[in-house]
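Structure data (mmCIF, C-alpha atoms) from input16.cif:
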```
data_target
loop_
_atom_site.label_atom_id
_atom_site.label_comp_id
_atom_site.auth_asym_id
_atom_site.auth_seq_id
_atom_site.Cartn_x
_atom_site.Cartn_y
_atom_site.Cartn_z
CA MET A 1 30.06 -37.65 37.56
CA THR A 2 28.32 -41.06 37.02
CA ILE A 3 24.91 -39.51 37.75
CA LYS A 4 25.53 -36.69 35.29
CA MET A 5 26.71 -39.09 32.58
CA ASN A 6 23.62 -41.29 33.04
CA THR A 7 21.40 -38.22 32.80
CA TYR A 8 23.12 -37.10 29.61
CA ARG A 9 22.72 -40.58 28.13
CA LYS A 10 19.00 -40.57 28.93
CA ILE A 11 18.55 -37.15 27.34
CA ALA A 12 20.48 -38.27 24.26
CA LEU A 13 18.40 -41.46 23.96
CA VAL A 14 15.15 -39.49 24.25
CA GLY A 15 16.37 -37.06 21.58
CA ILE A 16 17.32 -39.89 19.24
CA SER A 17 13.94 -41.58 19.79
CA VAL A 18 12.05 -38.40 18.99
CA PHE A 19 14.17 -37.85 15.87
CA ILE A 20 13.63 -41.42 14.62
CA GLY A 21 9.91 -41.14 15.36
CA SER A 22 9.70 -37.94 13.30
CA LEU A 23 11.50 -39.62 10.41
CA LEU A 24 9.09 -42.55 10.52
CA ILE A 25 6.06 -40.25 10.47
CA PHE A 26 7.52 -38.29 7.55
CA ALA A 27 8.37 -41.49 5.66
CA THR A 28 4.87 -42.85 6.26
CA SER A 29 3.25 -39.68 4.91
CA ILE A 30 5.37 -39.88 1.76
CA ASN A 31 4.80 -43.58 1.27
CA SER A 32 1.05 -43.12 1.67
CA VAL A 33 1.14 -41.23 -1.61
CA LYS A 34 3.66 -43.37 -3.42
CA THR A 35 2.00 -46.66 -2.41
CA LEU A 36 -1.03 -45.67 -4.46
CA PHE A 37 1.01 -45.92 -7.61
CA HIS A 38 3.37 -48.73 -6.67
CA GLU A 39 0.28 -50.94 -6.26
CA GLY A 40 -0.91 -49.97 -9.72
CA THR A 41 -2.87 -46.97 -10.95
CA ALA A 42 -5.95 -48.84 -12.13
CA GLN A 43 -8.03 -48.46 -8.98
CA TYR A 44 -7.07 -44.79 -8.57
CA PHE A 45 -7.17 -43.68 -12.19
CA PRO A 46 -10.36 -41.66 -12.84
CA VAL A 47 -12.82 -43.14 -15.33
CA ASN A 48 -13.95 -39.81 -16.74
CA VAL A 49 -11.93 -36.61 -17.00
CA ASP A 50 -13.00 -33.25 -18.38
CA PHE A 51 -11.87 -29.66 -18.52
CA ALA A 52 -14.64 -27.06 -18.23
CA GLY A 53 -17.16 -29.70 -19.26
CA GLU A 54 -15.15 -30.68 -22.35
CA LYS A 55 -14.32 -34.39 -22.23
CA THR A 56 -10.71 -35.58 -22.24
CA PRO A 57 -10.43 -38.57 -24.63
CA LEU A 58 -8.63 -41.02 -22.35
CA ASN A 59 -9.40 -43.78 -24.87
CA ILE A 60 -6.56 -42.33 -27.01
CA SER A 61 -3.36 -44.00 -25.77
CA ASP A 62 -1.04 -40.98 -25.80
CA VAL A 63 -3.70 -38.81 -24.11
CA ARG A 64 -4.09 -41.32 -21.29
CA GLU A 65 -0.33 -41.62 -20.88
CA ARG A 66 0.20 -37.85 -20.81
CA PHE A 67 -2.52 -37.41 -18.20
CA GLU A 68 -1.17 -40.27 -16.10
CA ARG A 69 2.32 -38.75 -16.22
CA GLU A 70 1.10 -35.49 -14.69
CA LEU A 71 -1.04 -37.31 -12.15
CA LEU A 72 1.93 -39.40 -10.99
CA VAL A 73 4.31 -36.46 -10.89
CA ASN A 74 2.05 -34.12 -8.93
CA ALA A 75 0.76 -36.77 -6.53
CA ASN A 76 4.39 -37.46 -5.63
CA LEU A 77 5.40 -33.80 -5.19
CA ASP A 78 4.36 -34.25 -1.59
CA ALA A 79 5.29 -30.94 0.03
CA SER A 80 4.62 -28.77 -3.03
CA THR A 81 1.16 -30.20 -3.70
CA LEU A 82 0.18 -30.06 -0.04
CA LEU A 83 1.18 -26.39 0.13
CA ILE A 84 -0.93 -25.67 -2.97
CA ILE A 85 -3.93 -27.33 -1.32
CA LYS A 86 -3.40 -25.21 1.78
CA ARG A 87 -3.11 -21.98 -0.23
CA ALA A 88 -6.18 -22.80 -2.32
CA ASN A 89 -8.34 -22.45 0.77
CA ARG A 90 -7.23 -18.82 0.90
CA SER A 91 -7.12 -17.99 -2.83
CA PHE A 92 -10.03 -19.89 -4.38
CA PRO A 93 -12.74 -17.93 -2.49
CA ILE A 94 -11.36 -14.79 -4.19
CA ILE A 95 -10.87 -16.32 -7.64
CA GLU A 96 -14.08 -18.37 -7.93
CA PRO A 97 -16.68 -15.56 -7.81
CA ILE A 98 -14.71 -13.49 -10.33
CA LEU A 99 -14.62 -16.40 -12.78
CA ALA A 100 -18.36 -16.99 -12.26
CA LYS A 101 -19.22 -13.31 -12.71
CA ASN A 102 -17.41 -13.26 -16.04
CA GLY A 103 -18.88 -16.53 -17.29
CA VAL A 104 -15.51 -18.32 -17.19
CA PRO A 105 -15.67 -21.97 -16.05
CA ASP A 106 -14.60 -22.70 -12.50
CA ASP A 107 -11.92 -25.13 -13.73
CA PHE A 108 -9.74 -22.19 -14.72
CA LYS A 109 -8.80 -21.70 -11.07
CA TYR A 110 -6.55 -24.74 -11.60
CA LEU A 111 -4.82 -22.86 -14.41
CA ALA A 112 -3.75 -20.31 -11.80
CA VAL A 113 -2.50 -23.21 -9.69
CA ILE A 114 -0.12 -24.52 -12.34
CA GLU A 115 0.98 -21.04 -13.37
CA SER A 116 2.20 -19.99 -9.95
CA GLY A 117 1.33 -22.39 -7.17
CA LEU A 118 -1.02 -19.58 -6.00
CA VAL A 119 1.82 -17.29 -4.96
CA ASN A 120 3.17 -14.10 -6.50
CA VAL A 121 6.12 -15.50 -8.40
CA VAL A 122 8.32 -14.00 -11.11
CA SER A 123 9.23 -16.11 -14.14
CA PRO A 124 12.62 -15.95 -15.90
CA ALA A 125 10.82 -14.25 -18.81
CA GLY A 126 9.41 -11.53 -16.56
CA ALA A 127 5.82 -12.77 -16.06
CA LYS A 128 4.57 -11.85 -12.59
CA GLY A 129 1.84 -12.60 -10.11
CA VAL A 130 -0.50 -15.53 -9.51
CA TRP A 131 -1.74 -15.39 -13.12
CA GLN A 132 1.75 -14.78 -14.56
CA PHE A 133 1.11 -11.81 -16.85
CA MET A 134 3.82 -10.33 -19.03
CA PRO A 135 3.91 -6.50 -18.91
CA GLU A 136 2.48 -5.92 -22.40
CA THR A 137 -0.46 -8.30 -21.95
CA ALA A 138 -1.19 -6.92 -18.48
CA LYS A 139 -1.41 -3.38 -19.81
CA GLU A 140 -3.59 -4.51 -22.74
CA LYS A 141 -6.01 -5.99 -20.22
CA GLY A 142 -6.20 -2.79 -18.19
CA MET A 143 -3.72 -3.37 -15.38
CA GLU A 144 -1.46 -0.59 -14.12
CA ILE A 145 2.28 -1.15 -14.03
CA SER A 146 4.51 1.64 -12.71
CA GLU A 147 7.41 2.10 -10.32
CA SER A 148 5.11 2.16 -7.29
CA VAL A 149 2.19 0.01 -8.48
CA ASP A 150 2.04 -3.36 -10.26
CA GLU A 151 -1.48 -4.73 -10.44
CA ARG A 152 -0.24 -8.12 -11.66
CA TYR A 153 0.25 -8.71 -7.93
CA HIS A 154 -3.37 -7.71 -7.20
CA LEU A 155 -5.24 -11.03 -7.16
CA GLU A 156 -8.70 -9.62 -7.91
CA LYS A 157 -7.56 -7.37 -10.75
CA ALA A 158 -5.28 -10.01 -12.23
CA THR A 159 -8.13 -12.53 -12.17
CA GLU A 160 -10.38 -10.04 -13.97
CA ALA A 161 -7.65 -9.56 -16.59
CA ALA A 162 -7.24 -13.32 -16.98
CA CYS A 163 -10.98 -13.60 -17.59
CA LYS A 164 -10.76 -11.03 -20.39
CA TYR A 165 -7.98 -13.01 -22.05
CA LEU A 166 -9.77 -16.33 -21.71
CA ILE A 167 -13.07 -15.00 -23.05
CA ASP A 168 -11.24 -13.63 -26.10
CA ALA A 169 -9.43 -16.95 -26.56
CA LYS A 170 -12.68 -18.92 -26.28
CA ALA A 171 -14.24 -16.69 -28.95
CA LYS A 172 -11.24 -17.32 -31.21
CA PHE A 173 -10.89 -21.09 -30.80
CA GLY A 174 -14.46 -22.11 -30.01
CA ASN A 175 -13.67 -24.16 -26.90
CA TRP A 176 -12.24 -23.70 -23.43
CA THR A 177 -9.52 -26.36 -23.72
CA LEU A 178 -7.73 -24.56 -26.54
CA ALA A 179 -8.31 -21.27 -24.72
CA ALA A 180 -6.43 -22.75 -21.75
CA ALA A 181 -3.62 -24.03 -23.99
CA SER A 182 -3.28 -20.59 -25.56
CA TYR A 183 -2.69 -19.09 -22.11
CA ASN A 184 0.65 -20.88 -22.26
CA GLY A 185 1.37 -21.05 -25.99
CA GLY A 186 -0.20 -17.74 -27.01
CA MET A 187 -3.17 -17.32 -29.33
CA THR A 188 -0.93 -16.73 -32.32
CA GLY A 189 1.28 -19.73 -31.58
CA VAL A 190 -1.61 -22.15 -31.06
CA ASN A 191 -3.50 -20.86 -34.08
CA LYS A 192 -0.39 -21.29 -36.26
CA GLN A 193 -0.18 -24.97 -35.30
CA ILE A 194 -3.89 -25.44 -35.98
CA GLU A 195 -3.40 -24.08 -39.49
CA ILE A 196 -0.28 -26.18 -40.13
CA GLN A 197 -1.67 -29.44 -38.75
CA LYS A 198 -5.25 -28.93 -40.00
CA VAL A 199 -6.92 -30.07 -36.76
CA THR A 200 -8.99 -28.08 -34.28
CA ASN A 201 -8.77 -30.20 -31.13
CA TYR A 202 -6.09 -29.71 -28.44
CA TYR A 203 -5.71 -33.45 -28.01
CA ASP A 204 -4.97 -33.87 -31.73
CA LEU A 205 -2.29 -31.18 -31.87
CA LEU A 206 1.45 -31.78 -31.68
CA LEU A 207 2.73 -28.81 -29.67
CA ASN A 208 5.96 -27.88 -27.91
CA ASP A 209 6.61 -29.85 -24.74
CA GLU A 210 5.44 -27.16 -22.30
CA THR A 211 2.15 -26.42 -24.06
CA SER A 212 1.62 -30.11 -24.76
CA ARG A 213 1.78 -30.82 -21.01
CA TYR A 214 -0.09 -27.68 -19.98
CA VAL A 215 -3.73 -28.81 -20.00
CA PHE A 216 -2.76 -32.21 -18.58
CA ARG A 217 -1.10 -30.49 -15.63
CA ILE A 218 -4.34 -28.57 -15.04
CA LEU A 219 -6.35 -31.79 -15.21
CA ALA A 220 -4.00 -33.57 -12.82
CA LEU A 221 -4.11 -30.82 -10.20
CA LYS A 222 -7.88 -30.63 -10.53
CA GLU A 223 -8.19 -34.38 -9.91
CA ILE A 224 -5.82 -34.33 -6.92
CA MET A 225 -7.24 -31.20 -5.31
CA LYS A 226 -10.82 -32.40 -5.64
CA ASN A 227 -9.88 -35.81 -4.17
CA PRO A 228 -6.88 -35.17 -1.90
CA ALA A 229 -7.40 -38.15 0.43
CA LYS A 230 -7.53 -40.51 -2.54
CA TYR A 231 -3.95 -39.49 -3.37
CA GLY A 232 -2.64 -39.60 0.18
CA PHE A 233 -3.05 -35.94 1.19
CA THR A 234 -4.77 -35.80 4.57
CA PHE A 235 -5.23 -32.71 6.72
CA THR A 236 -7.69 -30.95 8.99
CA ASN A 237 -9.48 -27.71 8.15
CA GLN A 238 -7.40 -26.01 10.82
CA GLU A 239 -4.24 -26.75 8.80
CA LEU A 240 -5.48 -24.85 5.74
CA TYR A 241 -4.49 -21.23 5.18
CA GLU A 242 -7.32 -18.77 5.74
CA ASN A 243 -8.13 -15.31 4.49
CA ILE A 244 -7.56 -12.74 7.21
CA PRO A 245 -10.42 -10.21 7.62
CA THR A 246 -9.58 -6.74 6.33
CA ARG A 247 -11.13 -3.32 6.06
CA LYS A 248 -10.88 -1.49 2.76
CA LEU A 249 -9.40 1.98 2.83
CA GLU A 250 -9.88 4.19 -0.25
CA ILE A 251 -6.91 6.41 -1.08
CA ASP A 252 -6.91 9.10 -3.79
CA SER A 253 -3.63 10.85 -3.01
CA SER A 254 0.06 10.05 -2.84
CA ILE A 255 1.57 8.39 0.24
CA THR A 256 5.12 9.57 0.80
CA ASP A 257 6.07 6.96 3.40
CA LEU A 258 4.23 3.63 3.47
CA ALA A 259 5.96 2.56 6.69
CA SER A 260 4.58 5.59 8.56
CA PHE A 261 1.21 5.09 6.86
CA ALA A 262 1.11 1.48 8.05
CA LEU A 263 1.92 2.41 11.64
CA ALA A 264 -0.85 5.01 11.58
CA GLN A 265 -3.25 2.21 10.60
CA GLY A 266 -2.19 0.06 13.55
CA ILE A 267 -0.04 -2.38 11.56
CA ASN A 268 3.54 -2.44 10.30
CA TYR A 269 5.15 -2.13 6.86
CA LYS A 270 5.55 -5.91 6.45
CA ILE A 271 1.85 -6.59 7.11
CA LEU A 272 0.83 -3.78 4.77
CA LYS A 273 2.88 -5.28 1.93
CA ILE A 274 1.65 -8.82 2.60
CA HIS A 275 -1.97 -7.71 2.20
CA ASN A 276 -1.26 -5.28 -0.63
CA PRO A 277 1.53 -6.85 -2.71
CA TRP A 278 0.67 -4.60 -5.66
CA LEU A 279 2.33 -1.72 -3.74
CA ARG A 280 5.85 -2.14 -5.13
CA ASP A 281 7.73 0.81 -3.62
CA LYS A 282 8.19 2.42 -0.21
CA LYS A 283 5.74 5.10 -1.32
CA LEU A 284 2.64 5.47 -3.48
CA VAL A 285 2.96 8.05 -6.25
CA ASN A 286 -0.47 9.26 -7.32
CA PRO A 287 -0.37 12.62 -9.14
CA THR A 288 -3.67 11.96 -10.99
CA LYS A 289 -5.58 11.28 -7.74
CA LYS A 290 -6.56 7.82 -8.90
CA LYS A 291 -8.63 5.87 -6.37
CA TYR A 292 -6.84 2.86 -4.86
CA ILE A 293 -8.23 0.41 -2.32
CA ILE A 294 -5.76 -0.57 0.38
CA GLU A 295 -6.62 -3.51 2.60
CA ILE A 296 -5.86 -3.24 6.29
CA PRO A 297 -6.19 -6.44 8.37
CA THR A 298 -8.53 -6.04 11.30
CA LYS A 299 -7.29 -8.98 13.38
CA GLY A 300 -5.28 -12.17 13.29
CA TYR A 301 -2.45 -10.90 11.10
#
```

Take the structure from the file and write it as structure tokens.
Amino acid sequence: MTIKMNTYRKIALVGISVFIGSLLIFATSINSVKTLFHEGTAQYFPVNVDFAGEKTPLNISDVRERFERELLVNANLDASTLLIIKRANRSFPIIEPILAKNGVPDDFKYLAVIESGLVNVVSPAGAKGVWQFMPETAKEKGMEISESVDERYHLEKATEAACKYLIDAKAKFGNWTLAAASYNGGMTGVNKQIEIQKVTNYYDLLLNDETSRYVFRILALKEIMKNPAKYGFTFTNQELYENIPTRKLEIDSSITDLASFALAQGINYKILKIHNPWLRDKKLVNPTKKKYIIEIPTKGY
């Protein structure tokens, strides 16, 4: 009995030690971020900030304060910001070339970051996907929305649609910063405030709280994601999420049972939906014989 009790005590002590060690590691990782700001922001605060090459006037007191607020908040959202950095390794290689092809500045990939965290979320208002399109706007920009298909969940097509919106907004407002703000506040809403307030610069406008913070959130995530170690986020390349290789299968007919279809392709229903989130039903209804591209992972899924 004494031997058994001693053994149990040893096991319990080892377990407690491991638990305490884990807590210390976790606390250290959190404090590594927070220490940056407890020691003062001066040495970490960037000297120059811009969005799409358009300078942010940090010499204006409220502009500097609003930027610093978002920088502090997002640098201290330890788990959330780290997950975004990990996902960006998977999403940015898809988003970046589409932005470049359409002549949209690379900085707009950070707009997708603050819209969704680079995951297919649904807002309370009904916006969906990484780029958070409402149904009407999505259809206006050429995306299909039906019972079995919702291309707001198709990253490439949603990015193309976002480019169309942003190009139109740039043409309307004359600069990319207001184009970005309008992605949140709407072209009509932003233009109304420009007319009322008689200014044409985002940083001079008094807007609702969400739109007022919007560009600053983009700027903060851009700064942190371009300089993660500076803000206490350390990781190896192996820890980042990667794109899994796929083969593209063209389909121009209906699929009555996606689960059976997936098994015939050597995968299962779950994997099919992960790689093709725009497929929203258990079947694909295609009476017009439209051509769809379905991605089938080739390995490592």

Run the PyMOL selection byres ((chain A and resi 286) around 10) on the file and write out the hits as a list in words. Ser148, Val149, Ile251, Asp252, Ser253, Ser254, Ile255, Thr256, Lys283, Leu284, Val285, Pro287, Thr288, Lys289, Lys290, Lys291 and Tyr292 of chain A

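Interatomic distance, atom CA of Ser212 of chain A against atom CA of Gln132 of chain A: 18.4 Å.
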
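Applied to the file shown here, the PyMOL selection byres ((chain A and resi 48-55) around 6) selects the residues A:Pro46, A:Val47, A:Thr56, A:Pro105, A:Asp107.
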
For the selection you just gave me, I'd like the residues written to a file as a CSV table (one decimal), in the frame of the given file, keeping C-alpha atoms.
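Ended up saving to result_27.csv:
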```csv
chain,number,residue,atom,x,y,z
A,46,PRO,CA,-10.4,-41.7,-12.8
A,47,VAL,CA,-12.8,-43.1,-15.3
A,56,THR,CA,-10.7,-35.6,-22.2
A,105,PRO,CA,-15.7,-22.0,-16.0
A,107,ASP,CA,-11.9,-25.1,-13.7
```

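Pairwise distance (atom CA of Ile145 of chain A, atom CA of Ile84 of chain A) equals 27.1 Å.
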
Once the PyMOL selection byres ((chain A and resi 108-119) around 9) is applied to the coordinates I shared, what remains selected? I want it as JSON, numbers by chain. {"A": [51, 52, 80, 81, 83, 84, 87, 88, 91, 92, 95, 96, 99, 104, 105, 106, 107, 120, 121, 122, 128, 129, 130, 131, 132, 159, 180, 183, 184, 214, 215, 217, 218, 219, 221, 222]}

Any idea what the distance is between atom CA of Ala179 of chain A and atom CA of Trp278 of chain A?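 Between atom CA of Ala179 of chain A and atom CA of Trp278 of chain A the gap works out to 26.9 Å.
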
Between A:Ile224, A:Ala264, A:Ile94, A:Leu279, single out the one closest to Leu82 of chain A, counting all atoms listed in the file. A:Ile224

To box segment 251-254 of chain A, take all atoms listed in the file, fit an axis-aligned box, add 6 Å on each side, and give centre and edge lengths in Å to one decimal, as AutoDock Vina command-line options.
```
--center_x -3.4 --center_y 8.6 --center_z -2.4 --size_x 19.0 --size_y 16.4 --size_z 14.7
```

If we count all atoms listed in the file, what is near Asn89 of chain A at a cut-off of 8 Å, once residues fewer than 5 positions away on the same chain are taken out, given as a PDB file with C-alpha atoms, in the coordinates of the input?
```pdb
ATOM      1  CA  LEU A 240      -5.480 -24.850   5.740  1.00  0.00           C
ATOM      2  CA  TYR A 241      -4.490 -21.230   5.180  1.00  0.00           C
ATOM      3  CA  GLU A 242      -7.320 -18.770   5.740  1.00  0.00           C
TER       4      GLU A 242
END
```

Selected residue, from A:Tyr165, A:Gln197, A:His275, A:Gln265, that lies nearest to Glu140 of chain A when counting all atoms listed in the file: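 The closest residue to Glu140 of chain A is A:Tyr165.
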